[in-house]
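> Just protein.cif, nothing more (mmCIF, N, CA and C atoms):
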data_coords
#
loop_
_atom_site.label_atom_id
_atom_site.label_comp_id
_atom_site.auth_asym_id
_atom_site.auth_seq_id
_atom_site.Cartn_x
_atom_site.Cartn_y
_atom_site.Cartn_z
N MET A 1 -0.03 -0.10 -112.18
CA MET A 1 -0.64 1.22 -112.26
C MET A 1 -1.60 1.32 -113.44
N LYS A 2 -1.14 0.86 -114.63
CA LYS A 2 -2.00 0.90 -115.81
C LYS A 2 -3.24 0.04 -115.62
N ARG A 3 -3.05 -1.11 -114.98
CA ARG A 3 -4.15 -2.03 -114.76
C ARG A 3 -5.21 -1.38 -113.85
N GLY A 4 -4.77 -0.73 -112.79
CA GLY A 4 -5.69 -0.06 -111.88
C GLY A 4 -6.42 1.09 -112.55
N LEU A 5 -5.71 1.86 -113.35
CA LEU A 5 -6.31 2.97 -114.07
C LEU A 5 -7.34 2.47 -115.08
N ALA A 6 -7.02 1.38 -115.77
CA ALA A 6 -7.96 0.80 -116.73
C ALA A 6 -9.21 0.30 -116.01
N ALA A 7 -9.04 -0.31 -114.84
CA ALA A 7 -10.18 -0.78 -114.06
C ALA A 7 -11.04 0.39 -113.60
N LEU A 8 -10.40 1.44 -113.13
CA LEU A 8 -11.13 2.63 -112.68
C LEU A 8 -11.93 3.25 -113.83
N LEU A 9 -11.30 3.43 -114.97
CA LEU A 9 -11.99 4.01 -116.12
C LEU A 9 -13.13 3.12 -116.60
N SER A 10 -12.91 1.82 -116.60
CA SER A 10 -13.98 0.88 -116.99
C SER A 10 -15.16 0.98 -116.03
N GLY A 11 -14.86 1.07 -114.75
CA GLY A 11 -15.92 1.21 -113.75
C GLY A 11 -16.70 2.49 -113.91
N ILE A 12 -16.01 3.58 -114.22
CA ILE A 12 -16.68 4.86 -114.42
C ILE A 12 -17.60 4.81 -115.64
N VAL A 13 -17.09 4.24 -116.74
CA VAL A 13 -17.91 4.12 -117.95
C VAL A 13 -19.12 3.23 -117.69
N PHE A 14 -18.91 2.12 -116.98
CA PHE A 14 -20.01 1.21 -116.65
C PHE A 14 -21.04 1.93 -115.79
N SER A 15 -20.60 2.65 -114.78
CA SER A 15 -21.52 3.37 -113.90
C SER A 15 -22.31 4.43 -114.65
N LEU A 16 -21.63 5.15 -115.53
CA LEU A 16 -22.33 6.16 -116.33
C LEU A 16 -23.40 5.51 -117.22
N GLY A 17 -23.06 4.38 -117.80
CA GLY A 17 -24.04 3.66 -118.61
C GLY A 17 -25.24 3.22 -117.80
N LEU A 18 -25.00 2.73 -116.59
CA LEU A 18 -26.11 2.33 -115.72
C LEU A 18 -26.99 3.52 -115.38
N CYS A 19 -26.38 4.65 -115.08
CA CYS A 19 -27.15 5.85 -114.75
C CYS A 19 -27.95 6.34 -115.95
N LEU A 20 -27.30 6.44 -117.10
CA LEU A 20 -27.98 6.94 -118.31
C LEU A 20 -29.14 6.02 -118.75
N SER A 21 -29.00 4.73 -118.53
CA SER A 21 -30.02 3.79 -118.98
C SER A 21 -31.19 3.68 -118.00
N GLY A 22 -31.03 4.21 -116.80
CA GLY A 22 -32.10 4.13 -115.82
C GLY A 22 -32.02 2.90 -114.92
N MET A 23 -30.97 2.11 -115.09
CA MET A 23 -30.84 0.88 -114.29
C MET A 23 -30.66 1.16 -112.79
N THR A 24 -30.30 2.37 -112.42
CA THR A 24 -30.13 2.70 -111.01
C THR A 24 -31.44 3.13 -110.35
N HIS A 25 -32.51 3.20 -111.13
CA HIS A 25 -33.83 3.56 -110.60
C HIS A 25 -34.66 2.28 -110.44
N PRO A 26 -34.87 1.84 -109.22
CA PRO A 26 -35.64 0.60 -109.01
C PRO A 26 -37.00 0.62 -109.69
N SER A 27 -37.67 1.78 -109.74
CA SER A 27 -38.99 1.84 -110.36
C SER A 27 -38.92 1.50 -111.85
N LYS A 28 -37.84 1.89 -112.50
CA LYS A 28 -37.65 1.58 -113.93
C LYS A 28 -37.47 0.08 -114.13
N VAL A 29 -36.67 -0.53 -113.26
CA VAL A 29 -36.42 -1.98 -113.36
C VAL A 29 -37.70 -2.75 -113.04
N LEU A 30 -38.40 -2.34 -111.98
CA LEU A 30 -39.64 -3.03 -111.62
C LEU A 30 -40.70 -2.87 -112.71
N GLY A 31 -40.70 -1.72 -113.40
CA GLY A 31 -41.61 -1.53 -114.54
C GLY A 31 -41.28 -2.49 -115.67
N PHE A 32 -40.00 -2.79 -115.87
CA PHE A 32 -39.60 -3.75 -116.89
C PHE A 32 -40.04 -5.16 -116.52
N LEU A 33 -40.02 -5.47 -115.23
CA LEU A 33 -40.39 -6.81 -114.77
C LEU A 33 -41.91 -7.01 -114.65
N ASP A 34 -42.68 -5.95 -114.77
CA ASP A 34 -44.14 -6.01 -114.61
C ASP A 34 -44.81 -6.31 -115.95
N PHE A 35 -44.73 -7.57 -116.37
CA PHE A 35 -45.25 -7.96 -117.68
C PHE A 35 -46.76 -7.82 -117.81
N PHE A 36 -47.49 -7.97 -116.71
CA PHE A 36 -48.95 -7.97 -116.77
C PHE A 36 -49.56 -6.67 -116.25
N GLY A 37 -48.74 -5.66 -116.03
CA GLY A 37 -49.22 -4.37 -115.55
C GLY A 37 -48.78 -3.28 -116.51
N GLN A 38 -48.11 -2.28 -115.97
CA GLN A 38 -47.59 -1.17 -116.77
C GLN A 38 -46.18 -1.50 -117.25
N TRP A 39 -46.08 -2.46 -118.17
CA TRP A 39 -44.77 -2.95 -118.61
C TRP A 39 -44.01 -1.86 -119.35
N ASP A 40 -42.74 -1.68 -119.00
CA ASP A 40 -41.84 -0.71 -119.63
C ASP A 40 -40.73 -1.49 -120.35
N PRO A 41 -40.82 -1.63 -121.68
CA PRO A 41 -39.86 -2.45 -122.42
C PRO A 41 -38.51 -1.77 -122.68
N SER A 42 -38.31 -0.55 -122.22
CA SER A 42 -37.10 0.20 -122.58
C SER A 42 -35.81 -0.49 -122.14
N LEU A 43 -35.83 -1.19 -121.02
CA LEU A 43 -34.60 -1.85 -120.58
C LEU A 43 -34.24 -3.04 -121.47
N ALA A 44 -35.20 -3.57 -122.21
CA ALA A 44 -34.88 -4.63 -123.16
C ALA A 44 -33.94 -4.09 -124.24
N PHE A 45 -34.14 -2.84 -124.64
CA PHE A 45 -33.26 -2.21 -125.63
C PHE A 45 -31.88 -1.95 -125.03
N VAL A 46 -31.85 -1.57 -123.76
CA VAL A 46 -30.57 -1.36 -123.08
C VAL A 46 -29.80 -2.68 -123.04
N MET A 47 -30.49 -3.76 -122.68
CA MET A 47 -29.84 -5.08 -122.61
C MET A 47 -29.38 -5.54 -123.98
N ALA A 48 -30.22 -5.33 -125.00
CA ALA A 48 -29.84 -5.72 -126.36
C ALA A 48 -28.60 -4.95 -126.82
N GLY A 49 -28.55 -3.68 -126.51
CA GLY A 49 -27.37 -2.88 -126.86
C GLY A 49 -26.13 -3.35 -126.14
N ALA A 50 -26.27 -3.65 -124.86
CA ALA A 50 -25.13 -4.11 -124.06
C ALA A 50 -24.62 -5.47 -124.55
N VAL A 51 -25.53 -6.36 -124.84
CA VAL A 51 -25.14 -7.69 -125.33
C VAL A 51 -24.47 -7.57 -126.70
N SER A 52 -24.97 -6.70 -127.55
CA SER A 52 -24.38 -6.52 -128.88
C SER A 52 -22.95 -5.98 -128.78
N VAL A 53 -22.76 -4.94 -127.97
CA VAL A 53 -21.42 -4.37 -127.82
C VAL A 53 -20.48 -5.40 -127.20
N SER A 54 -20.96 -6.12 -126.20
CA SER A 54 -20.13 -7.14 -125.55
C SER A 54 -19.76 -8.26 -126.51
N ALA A 55 -20.70 -8.69 -127.33
CA ALA A 55 -20.43 -9.77 -128.28
C ALA A 55 -19.34 -9.36 -129.28
N VAL A 56 -19.42 -8.14 -129.78
CA VAL A 56 -18.42 -7.66 -130.72
C VAL A 56 -17.06 -7.54 -130.02
N ALA A 57 -17.05 -6.95 -128.82
CA ALA A 57 -15.78 -6.78 -128.09
C ALA A 57 -15.17 -8.14 -127.75
N PHE A 58 -15.98 -9.09 -127.34
CA PHE A 58 -15.47 -10.42 -127.01
C PHE A 58 -14.87 -11.07 -128.25
N ARG A 59 -15.56 -10.96 -129.36
CA ARG A 59 -15.06 -11.56 -130.61
C ARG A 59 -13.73 -10.93 -131.02
N LEU A 60 -13.63 -9.61 -130.91
CA LEU A 60 -12.38 -8.94 -131.25
C LEU A 60 -11.26 -9.30 -130.27
N SER A 61 -11.60 -9.46 -129.00
CA SER A 61 -10.57 -9.78 -128.01
C SER A 61 -10.00 -11.18 -128.22
N ARG A 62 -10.77 -12.07 -128.80
CA ARG A 62 -10.30 -13.44 -129.04
C ARG A 62 -9.19 -13.48 -130.08
N ARG A 63 -9.03 -12.40 -130.84
CA ARG A 63 -7.95 -12.33 -131.83
C ARG A 63 -6.61 -12.00 -131.19
N ARG A 64 -6.65 -11.55 -129.96
CA ARG A 64 -5.42 -11.17 -129.25
C ARG A 64 -4.89 -12.36 -128.46
N ALA A 65 -3.59 -12.42 -128.30
CA ALA A 65 -2.97 -13.48 -127.50
C ALA A 65 -3.20 -13.24 -126.01
N ALA A 66 -3.26 -11.97 -125.63
CA ALA A 66 -3.44 -11.61 -124.22
C ALA A 66 -4.10 -10.24 -124.14
N PRO A 67 -4.75 -9.94 -123.03
CA PRO A 67 -5.33 -8.60 -122.88
C PRO A 67 -4.23 -7.55 -122.73
N LEU A 68 -4.59 -6.30 -122.80
CA LEU A 68 -3.60 -5.22 -122.75
C LEU A 68 -2.86 -5.16 -121.42
N PHE A 69 -3.54 -5.42 -120.32
CA PHE A 69 -2.93 -5.21 -119.00
C PHE A 69 -2.79 -6.49 -118.18
N ASP A 70 -2.66 -7.62 -118.83
CA ASP A 70 -2.46 -8.88 -118.13
C ASP A 70 -1.73 -9.83 -119.07
N ASP A 71 -1.23 -10.93 -118.52
CA ASP A 71 -0.48 -11.86 -119.35
C ASP A 71 -1.37 -12.90 -120.03
N ARG A 72 -2.62 -13.02 -119.57
CA ARG A 72 -3.54 -13.98 -120.19
C ARG A 72 -4.98 -13.58 -119.89
N PHE A 73 -5.91 -14.13 -120.67
CA PHE A 73 -7.34 -13.93 -120.43
C PHE A 73 -7.77 -14.87 -119.30
N HIS A 74 -8.68 -14.42 -118.47
CA HIS A 74 -9.20 -15.23 -117.37
C HIS A 74 -10.67 -15.54 -117.68
N LEU A 75 -10.90 -16.58 -118.45
CA LEU A 75 -12.24 -16.94 -118.86
C LEU A 75 -12.71 -18.17 -118.08
N THR A 76 -14.00 -18.20 -117.80
CA THR A 76 -14.54 -19.39 -117.14
C THR A 76 -14.72 -20.49 -118.17
N ARG A 77 -14.62 -21.71 -117.71
CA ARG A 77 -14.85 -22.85 -118.59
C ARG A 77 -16.34 -23.12 -118.62
N VAL A 78 -16.89 -23.17 -119.80
CA VAL A 78 -18.31 -23.44 -119.93
C VAL A 78 -18.49 -24.93 -120.19
N ASP A 79 -19.03 -25.62 -119.20
CA ASP A 79 -19.24 -27.06 -119.37
C ASP A 79 -20.72 -27.41 -119.52
N GLY A 80 -21.58 -26.40 -119.47
CA GLY A 80 -23.00 -26.64 -119.67
C GLY A 80 -23.72 -27.23 -118.49
N LYS A 81 -23.04 -27.44 -117.39
CA LYS A 81 -23.68 -28.05 -116.23
C LYS A 81 -24.32 -26.97 -115.35
N VAL A 82 -25.56 -27.22 -114.99
CA VAL A 82 -26.24 -26.35 -114.04
C VAL A 82 -26.34 -27.14 -112.74
N ASP A 83 -25.47 -26.79 -111.81
CA ASP A 83 -25.49 -27.51 -110.54
C ASP A 83 -26.33 -26.74 -109.52
N ARG A 84 -26.36 -27.23 -108.32
CA ARG A 84 -27.17 -26.64 -107.25
C ARG A 84 -26.75 -25.20 -106.97
N ARG A 85 -25.45 -24.93 -106.97
CA ARG A 85 -24.96 -23.58 -106.69
C ARG A 85 -25.42 -22.59 -107.76
N VAL A 86 -25.34 -22.99 -109.02
CA VAL A 86 -25.76 -22.11 -110.11
C VAL A 86 -27.26 -21.86 -110.03
N PHE A 87 -28.02 -22.92 -109.80
CA PHE A 87 -29.48 -22.79 -109.73
C PHE A 87 -29.90 -21.90 -108.56
N LEU A 88 -29.38 -22.18 -107.37
CA LEU A 88 -29.75 -21.40 -106.19
C LEU A 88 -29.27 -19.95 -106.30
N GLY A 89 -28.06 -19.76 -106.79
CA GLY A 89 -27.55 -18.40 -106.97
C GLY A 89 -28.40 -17.59 -107.93
N SER A 90 -28.80 -18.21 -109.03
CA SER A 90 -29.65 -17.53 -110.00
C SER A 90 -31.01 -17.20 -109.40
N ALA A 91 -31.55 -18.13 -108.64
CA ALA A 91 -32.86 -17.91 -108.02
C ALA A 91 -32.80 -16.77 -107.00
N VAL A 92 -31.78 -16.77 -106.16
CA VAL A 92 -31.64 -15.70 -105.17
C VAL A 92 -31.44 -14.36 -105.86
N PHE A 93 -30.61 -14.33 -106.91
CA PHE A 93 -30.40 -13.10 -107.67
C PHE A 93 -31.72 -12.60 -108.23
N GLY A 94 -32.49 -13.48 -108.87
CA GLY A 94 -33.76 -13.10 -109.49
C GLY A 94 -34.77 -12.60 -108.48
N VAL A 95 -34.88 -13.27 -107.36
CA VAL A 95 -35.82 -12.85 -106.33
C VAL A 95 -35.41 -11.48 -105.77
N GLY A 96 -34.12 -11.31 -105.50
CA GLY A 96 -33.64 -10.03 -104.99
C GLY A 96 -33.87 -8.90 -105.98
N TRP A 97 -33.62 -9.18 -107.26
CA TRP A 97 -33.82 -8.18 -108.31
C TRP A 97 -35.29 -7.81 -108.41
N GLY A 98 -36.16 -8.83 -108.38
CA GLY A 98 -37.59 -8.58 -108.49
C GLY A 98 -38.18 -7.85 -107.29
N LEU A 99 -37.69 -8.15 -106.11
CA LEU A 99 -38.21 -7.49 -104.90
C LEU A 99 -37.70 -6.06 -104.74
N SER A 100 -36.44 -5.84 -105.08
CA SER A 100 -35.84 -4.53 -104.81
C SER A 100 -35.74 -3.63 -106.03
N GLY A 101 -35.71 -4.23 -107.21
CA GLY A 101 -35.49 -3.44 -108.42
C GLY A 101 -34.03 -3.07 -108.62
N LEU A 102 -33.16 -3.68 -107.83
CA LEU A 102 -31.73 -3.41 -107.94
C LEU A 102 -30.97 -4.72 -108.12
N CYS A 103 -29.89 -4.67 -108.85
CA CYS A 103 -28.95 -5.77 -108.89
C CYS A 103 -27.59 -5.19 -108.49
N PRO A 104 -26.58 -6.01 -108.29
CA PRO A 104 -25.34 -5.52 -107.67
C PRO A 104 -24.70 -4.30 -108.33
N GLY A 105 -24.52 -4.29 -109.64
CA GLY A 105 -23.87 -3.16 -110.29
C GLY A 105 -24.59 -1.84 -110.06
N PRO A 106 -25.87 -1.77 -110.41
CA PRO A 106 -26.61 -0.53 -110.16
C PRO A 106 -26.71 -0.17 -108.68
N ALA A 107 -26.78 -1.15 -107.81
CA ALA A 107 -26.85 -0.85 -106.38
C ALA A 107 -25.57 -0.18 -105.89
N VAL A 108 -24.43 -0.70 -106.30
CA VAL A 108 -23.15 -0.09 -105.90
C VAL A 108 -23.04 1.31 -106.50
N THR A 109 -23.45 1.46 -107.76
CA THR A 109 -23.43 2.78 -108.40
C THR A 109 -24.34 3.75 -107.64
N SER A 110 -25.49 3.26 -107.16
CA SER A 110 -26.44 4.10 -106.44
C SER A 110 -25.97 4.52 -105.06
N LEU A 111 -24.91 3.91 -104.56
CA LEU A 111 -24.41 4.29 -103.24
C LEU A 111 -24.05 5.77 -103.18
N VAL A 112 -23.58 6.33 -104.28
CA VAL A 112 -23.18 7.74 -104.27
C VAL A 112 -24.36 8.67 -104.05
N THR A 113 -25.58 8.19 -104.30
CA THR A 113 -26.77 9.02 -104.09
C THR A 113 -27.18 9.04 -102.62
N GLY A 114 -26.71 8.04 -101.86
CA GLY A 114 -27.10 7.96 -100.45
C GLY A 114 -28.51 7.45 -100.25
N ARG A 115 -29.14 6.91 -101.29
CA ARG A 115 -30.50 6.38 -101.16
C ARG A 115 -30.50 5.23 -100.15
N PRO A 116 -31.41 5.28 -99.19
CA PRO A 116 -31.47 4.21 -98.18
C PRO A 116 -31.65 2.82 -98.80
N ALA A 117 -32.44 2.71 -99.86
CA ALA A 117 -32.66 1.41 -100.50
C ALA A 117 -31.34 0.83 -101.01
N ALA A 118 -30.49 1.66 -101.59
CA ALA A 118 -29.20 1.19 -102.10
C ALA A 118 -28.30 0.78 -100.95
N LEU A 119 -28.31 1.56 -99.87
CA LEU A 119 -27.48 1.24 -98.71
C LEU A 119 -27.90 -0.09 -98.09
N VAL A 120 -29.21 -0.29 -97.95
CA VAL A 120 -29.72 -1.54 -97.38
C VAL A 120 -29.40 -2.71 -98.31
N PHE A 121 -29.62 -2.52 -99.61
CA PHE A 121 -29.37 -3.60 -100.56
C PHE A 121 -27.90 -4.02 -100.54
N VAL A 122 -26.99 -3.05 -100.63
CA VAL A 122 -25.56 -3.39 -100.66
C VAL A 122 -25.14 -4.02 -99.33
N GLY A 123 -25.66 -3.52 -98.22
CA GLY A 123 -25.37 -4.14 -96.93
C GLY A 123 -25.84 -5.59 -96.87
N ALA A 124 -27.07 -5.83 -97.35
CA ALA A 124 -27.60 -7.20 -97.38
C ALA A 124 -26.81 -8.08 -98.34
N MET A 125 -26.38 -7.51 -99.46
CA MET A 125 -25.60 -8.27 -100.44
C MET A 125 -24.26 -8.70 -99.84
N ILE A 126 -23.60 -7.77 -99.15
CA ILE A 126 -22.32 -8.10 -98.52
C ILE A 126 -22.52 -9.14 -97.42
N ALA A 127 -23.58 -8.97 -96.62
CA ALA A 127 -23.87 -9.95 -95.57
C ALA A 127 -24.13 -11.33 -96.18
N GLY A 128 -24.86 -11.38 -97.28
CA GLY A 128 -25.13 -12.64 -97.96
C GLY A 128 -23.87 -13.30 -98.49
N MET A 129 -22.97 -12.49 -99.07
CA MET A 129 -21.71 -13.04 -99.57
C MET A 129 -20.87 -13.60 -98.42
N LEU A 130 -20.85 -12.89 -97.30
CA LEU A 130 -20.10 -13.37 -96.14
C LEU A 130 -20.69 -14.66 -95.58
N LEU A 131 -22.03 -14.73 -95.54
CA LEU A 131 -22.69 -15.95 -95.06
C LEU A 131 -22.40 -17.15 -95.95
N VAL A 132 -22.43 -16.93 -97.26
CA VAL A 132 -22.11 -18.02 -98.20
C VAL A 132 -20.67 -18.47 -97.99
N ASP A 133 -19.77 -17.52 -97.81
CA ASP A 133 -18.37 -17.85 -97.58
C ASP A 133 -18.20 -18.69 -96.32
N VAL A 134 -18.85 -18.27 -95.24
CA VAL A 134 -18.77 -19.03 -93.98
C VAL A 134 -19.38 -20.42 -94.17
N PHE A 135 -20.53 -20.50 -94.84
CA PHE A 135 -21.19 -21.78 -95.07
C PHE A 135 -20.30 -22.72 -95.89
N GLU A 136 -19.71 -22.19 -96.96
CA GLU A 136 -18.87 -23.04 -97.81
C GLU A 136 -17.62 -23.51 -97.07
N ARG A 137 -17.03 -22.63 -96.28
CA ARG A 137 -15.87 -23.06 -95.50
C ARG A 137 -16.25 -24.12 -94.48
N THR A 138 -17.39 -23.96 -93.84
CA THR A 138 -17.86 -24.94 -92.87
C THR A 138 -18.17 -26.27 -93.56
N ALA A 139 -18.85 -26.19 -94.71
CA ALA A 139 -19.20 -27.42 -95.45
C ALA A 139 -17.95 -28.12 -95.96
N HIS A 140 -17.00 -27.36 -96.49
CA HIS A 140 -15.76 -27.97 -96.99
C HIS A 140 -14.94 -28.54 -95.85
N GLY A 141 -14.96 -27.86 -94.71
CA GLY A 141 -14.24 -28.38 -93.53
C GLY A 141 -14.83 -29.69 -93.05
N ALA A 142 -16.17 -29.78 -93.08
CA ALA A 142 -16.83 -31.01 -92.66
C ALA A 142 -16.51 -32.15 -93.61
N VAL A 143 -16.45 -31.84 -94.92
CA VAL A 143 -16.12 -32.87 -95.92
C VAL A 143 -14.67 -33.32 -95.72
N ALA A 144 -13.78 -32.37 -95.49
CA ALA A 144 -12.36 -32.71 -95.30
C ALA A 144 -12.18 -33.57 -94.05
N GLU A 145 -12.89 -33.23 -92.97
CA GLU A 145 -12.79 -34.01 -91.74
C GLU A 145 -13.34 -35.41 -91.95
N ALA A 146 -14.47 -35.52 -92.62
CA ALA A 146 -15.06 -36.85 -92.87
C ALA A 146 -14.13 -37.68 -93.72
N GLY A 147 -13.48 -37.06 -94.70
CA GLY A 147 -12.54 -37.80 -95.55
C GLY A 147 -11.33 -38.27 -94.77
N SER A 148 -10.90 -37.49 -93.78
CA SER A 148 -9.70 -37.89 -93.03
C SER A 148 -10.01 -39.05 -92.09
N ASP A 149 -11.28 -39.20 -91.66
CA ASP A 149 -11.63 -40.31 -90.78
C ASP A 149 -11.64 -41.64 -91.52
N CYS A 150 -11.81 -41.62 -92.83
CA CYS A 150 -11.90 -42.85 -93.60
C CYS A 150 -10.53 -43.44 -93.93
N SER A 151 -9.48 -42.71 -93.72
CA SER A 151 -8.18 -43.24 -94.13
C SER A 151 -7.52 -44.11 -93.10
#
Before we go any further, please render this structure as structure tokens.

Amino acid sequence: MKRGLAALLSGIVFSLGLCLSGMTHPSKVLGFLDFFGQWDPSLAFVMAGAVSVSAVAFRLSRRRAAPLFDDRFHLTRVDGKVDRRVFLGSAVFGVGWGLSGLCPGPAVTSLVTGRPAALVFVGAMIAGMLLVDVFERTAHGAVAEAGSDCS
């Protein structure tokens, strides 16, 4: 119960921050990405503030043995490798962000407005995640079958 409430409150605070910063307005994001036109640098300050707060919170959390609502921290291992999945995922994210002016967090937050662009974006995002899941299962199944033929 506490874990769910903490997640809900974190999501609300995150959504409010996205709304207050203008990240839910595609025109604001596209203005930030338009370096050679009417560039709007204000989101750089939003990002700098977010990174600063996150860096401090991460540093303070490392002093704890475990988070408040779990038995351990769930951190990814950073090995410095940029593989095909990381490269392609980053490229697709960047192209989607540049074309639509939305990324996943602000798009989900924008769903409450009923804006068609947010609805289409989130629908396409979900469809893309499902396609990747099907592709990976198919690819892993093919690898598993090929491996079983060699034994």
> When distances are computed from only N, CA and C atoms, which of A:Gly4, A:Gly141, A:Lys81, A:Thr24 shows the smallest separation from A:Ser110?
A:Thr24
> If you run DSSP on the backbone, which residues of chain A are helix (DSSP H, G or I), as a ChimeraX atom specification?
/A:2-21,26-33,42-61,84-100,104-113,116-149
> Which residues match the PyMOL selection byres (((chain A and resi 44 and name CA) around 12) and name CA) in the file above, as a ChimeraX atom specification?
/A:21-23,28-29,31-33,39-43,45-51
> Grab the residues selected above and save them as a PDB file, keeping the file's coordinate frame with N, CA and C atoms.

ATOM      1  N   SER A  21     -29.000   4.730-118.530  1.00  0.00           N
ATOM      2  CA  SER A  21     -30.020   3.790-118.980  1.00  0.00           C
ATOM      3  C   SER A  21     -31.190   3.680-118.000  1.00  0.00           C
ATOM      4  N   GLY A  22     -31.030   4.210-116.800  1.00  0.00           N
ATOM      5  CA  GLY A  22     -32.100   4.130-115.820  1.00  0.00           C
ATOM      6  C   GLY A  22     -32.020   2.900-114.920  1.00  0.00           C
ATOM      7  N   MET A  23     -30.970   2.110-115.090  1.00  0.00           N
ATOM      8  CA  MET A  23     -30.840   0.880-114.290  1.00  0.00           C
ATOM      9  C   MET A  23     -30.660   1.160-112.790  1.00  0.00           C
ATOM     10  N   LYS A  28     -37.840   1.890-112.500  1.00  0.00           N
ATOM     11  CA  LYS A  28     -37.650   1.580-113.930  1.00  0.00           C
ATOM     12  C   LYS A  28     -37.470   0.080-114.130  1.00  0.00           C
ATOM     13  N   VAL A  29     -36.670  -0.530-113.260  1.00  0.00           N
ATOM     14  CA  VAL A  29     -36.420  -1.980-113.360  1.00  0.00           C
ATOM     15  C   VAL A  29     -37.700  -2.750-113.040  1.00  0.00           C
ATOM     16  N   GLY A  31     -40.700  -1.720-113.400  1.00  0.00           N
ATOM     17  CA  GLY A  31     -41.610  -1.530-114.540  1.00  0.00           C
ATOM     18  C   GLY A  31     -41.280  -2.490-115.670  1.00  0.00           C
ATOM     19  N   PHE A  32     -40.000  -2.790-115.870  1.00  0.00           N
ATOM     20  CA  PHE A  32     -39.600  -3.750-116.890  1.00  0.00           C
ATOM     21  C   PHE A  32     -40.040  -5.160-116.520  1.00  0.00           C
ATOM     22  N   LEU A  33     -40.020  -5.470-115.230  1.00  0.00           N
ATOM     23  CA  LEU A  33     -40.390  -6.810-114.770  1.00  0.00           C
ATOM     24  C   LEU A  33     -41.910  -7.010-114.650  1.00  0.00           C
ATOM     25  N   TRP A  39     -46.080  -2.460-118.170  1.00  0.00           N
ATOM     26  CA  TRP A  39     -44.770  -2.950-118.610  1.00  0.00           C
ATOM     27  C   TRP A  39     -44.010  -1.860-119.350  1.00  0.00           C
ATOM     28  N   ASP A  40     -42.740  -1.680-119.000  1.00  0.00           N
ATOM     29  CA  ASP A  40     -41.840  -0.710-119.630  1.00  0.00           C
ATOM     30  C   ASP A  40     -40.730  -1.490-120.350  1.00  0.00           C
ATOM     31  N   PRO A  41     -40.820  -1.630-121.680  1.00  0.00           N
ATOM     32  CA  PRO A  41     -39.860  -2.450-122.420  1.00  0.00           C
ATOM     33  C   PRO A  41     -38.510  -1.770-122.680  1.00  0.00           C
ATOM     34  N   SER A  42     -38.310  -0.550-122.220  1.00  0.00           N
ATOM     35  CA  SER A  42     -37.100   0.200-122.580  1.00  0.00           C
ATOM     36  C   SER A  42     -35.810  -0.490-122.140  1.00  0.00           C
ATOM     37  N   LEU A  43     -35.830  -1.190-121.020  1.00  0.00           N
ATOM     38  CA  LEU A  43     -34.600  -1.850-120.580  1.00  0.00           C
ATOM     39  C   LEU A  43     -34.240  -3.040-121.470  1.00  0.00           C
ATOM     40  N   PHE A  45     -34.140  -2.840-124.640  1.00  0.00           N
ATOM     41  CA  PHE A  45     -33.260  -2.210-125.630  1.00  0.00           C
ATOM     42  C   PHE A  45     -31.880  -1.950-125.030  1.00  0.00           C
ATOM     43  N   VAL A  46     -31.850  -1.570-123.760  1.00  0.00           N
ATOM     44  CA  VAL A  46     -30.570  -1.360-123.080  1.00  0.00           C
ATOM     45  C   VAL A  46     -29.800  -2.680-123.040  1.00  0.00           C
ATOM     46  N   MET A  47     -30.490  -3.760-122.680  1.00  0.00           N
ATOM     47  CA  MET A  47     -29.840  -5.080-122.610  1.00  0.00           C
ATOM     48  C   MET A  47     -29.380  -5.540-123.980  1.00  0.00           C
ATOM     49  N   ALA A  48     -30.220  -5.330-125.000  1.00  0.00           N
ATOM     50  CA  ALA A  48     -29.840  -5.720-126.360  1.00  0.00           C
ATOM     51  C   ALA A  48     -28.600  -4.950-126.820  1.00  0.00           C
ATOM     52  N   GLY A  49     -28.550  -3.680-126.510  1.00  0.00           N
ATOM     53  CA  GLY A  49     -27.370  -2.880-126.860  1.00  0.00           C
ATOM     54  C   GLY A  49     -26.130  -3.350-126.140  1.00  0.00           C
ATOM     55  N   ALA A  50     -26.270  -3.650-124.860  1.00  0.00           N
ATOM     56  CA  ALA A  50     -25.130  -4.110-124.060  1.00  0.00           C
ATOM     57  C   ALA A  50     -24.620  -5.470-124.550  1.00  0.00           C
ATOM     58  N   VAL A  51     -25.530  -6.360-124.840  1.00  0.00           N
ATOM     59  CA  VAL A  51     -25.140  -7.690-125.330  1.00  0.00           C
ATOM     60  C   VAL A  51     -24.470  -7.570-126.700  1.00  0.00           C
TER      61      VAL A  51
END
> Tell me, in Å to one decimal, how far atom C of A:His74 is from atom C of A:Ser61.
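Atom C of A:Ser61 lies at a distance of 11.4 Å from atom C of A:His74.
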> Which residue, A:Gly11, A:Gly128, A:Pro26, A:Gly17, has the smallest gap to A:Phe93 when you use only C-alpha atoms?
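Selected residue with least distance to A:Phe93: A:Gly128.
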> One decimal, Å: what's the distance from atom C of A:Ala91 over to atom C of A:Ile126, could you say?
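Taking atom C of A:Ala91 as the start and atom C of A:Ile126 as the end point, the length is 16.0 Å.
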> Which polymer residues have any atom within 5 Å of an atom of stretch 98-103 of chain A, counting only N, CA and C atoms, with same-chain residues fewer than 4 positions away left out, as an NGL selection string?
:A and (26 or 30 or 94 or 107)
> Would you mind listing what lies within 12 Å of A:Pro104 as a PyMOL selection string, with only C-alpha atoms counted and same-chain residues fewer than 6 positions away left out?
chain A and resi 15+18+23-24+93-94+96-97+110-111+118-126+129
> What is the atom CA of A:Val92 to atom CA of A:Val132 distance in Å?
12.0 Å
> With only C-alpha atoms as the basis for distance, which of A:Leu75, A:Val108, A:Ala127, A:Ala65 is at the shortest distance from A:Ile12?
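Smallest distance to A:Ile12 is found for A:Val108.
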> Any chance you could work out the axis-aligned box around stretch 81-97 of chain A, listed atoms only, 8 Å on each side, giving centre and edge lengths in Å to one decimal, as AutoDock Vina command-line options?

--center_x -29.4 --center_y -17.9 --center_z -111.2 --size_x 28.8 --size_y 36.2 --size_z 28.4
> Which residue, A:Gln38, A:Leu130, A:Leu5, A:His25, has the smallest gap to A:Pro106 when you use only C-alpha atoms?
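That would be A:His25, the residue with the smallest distance to A:Pro106.
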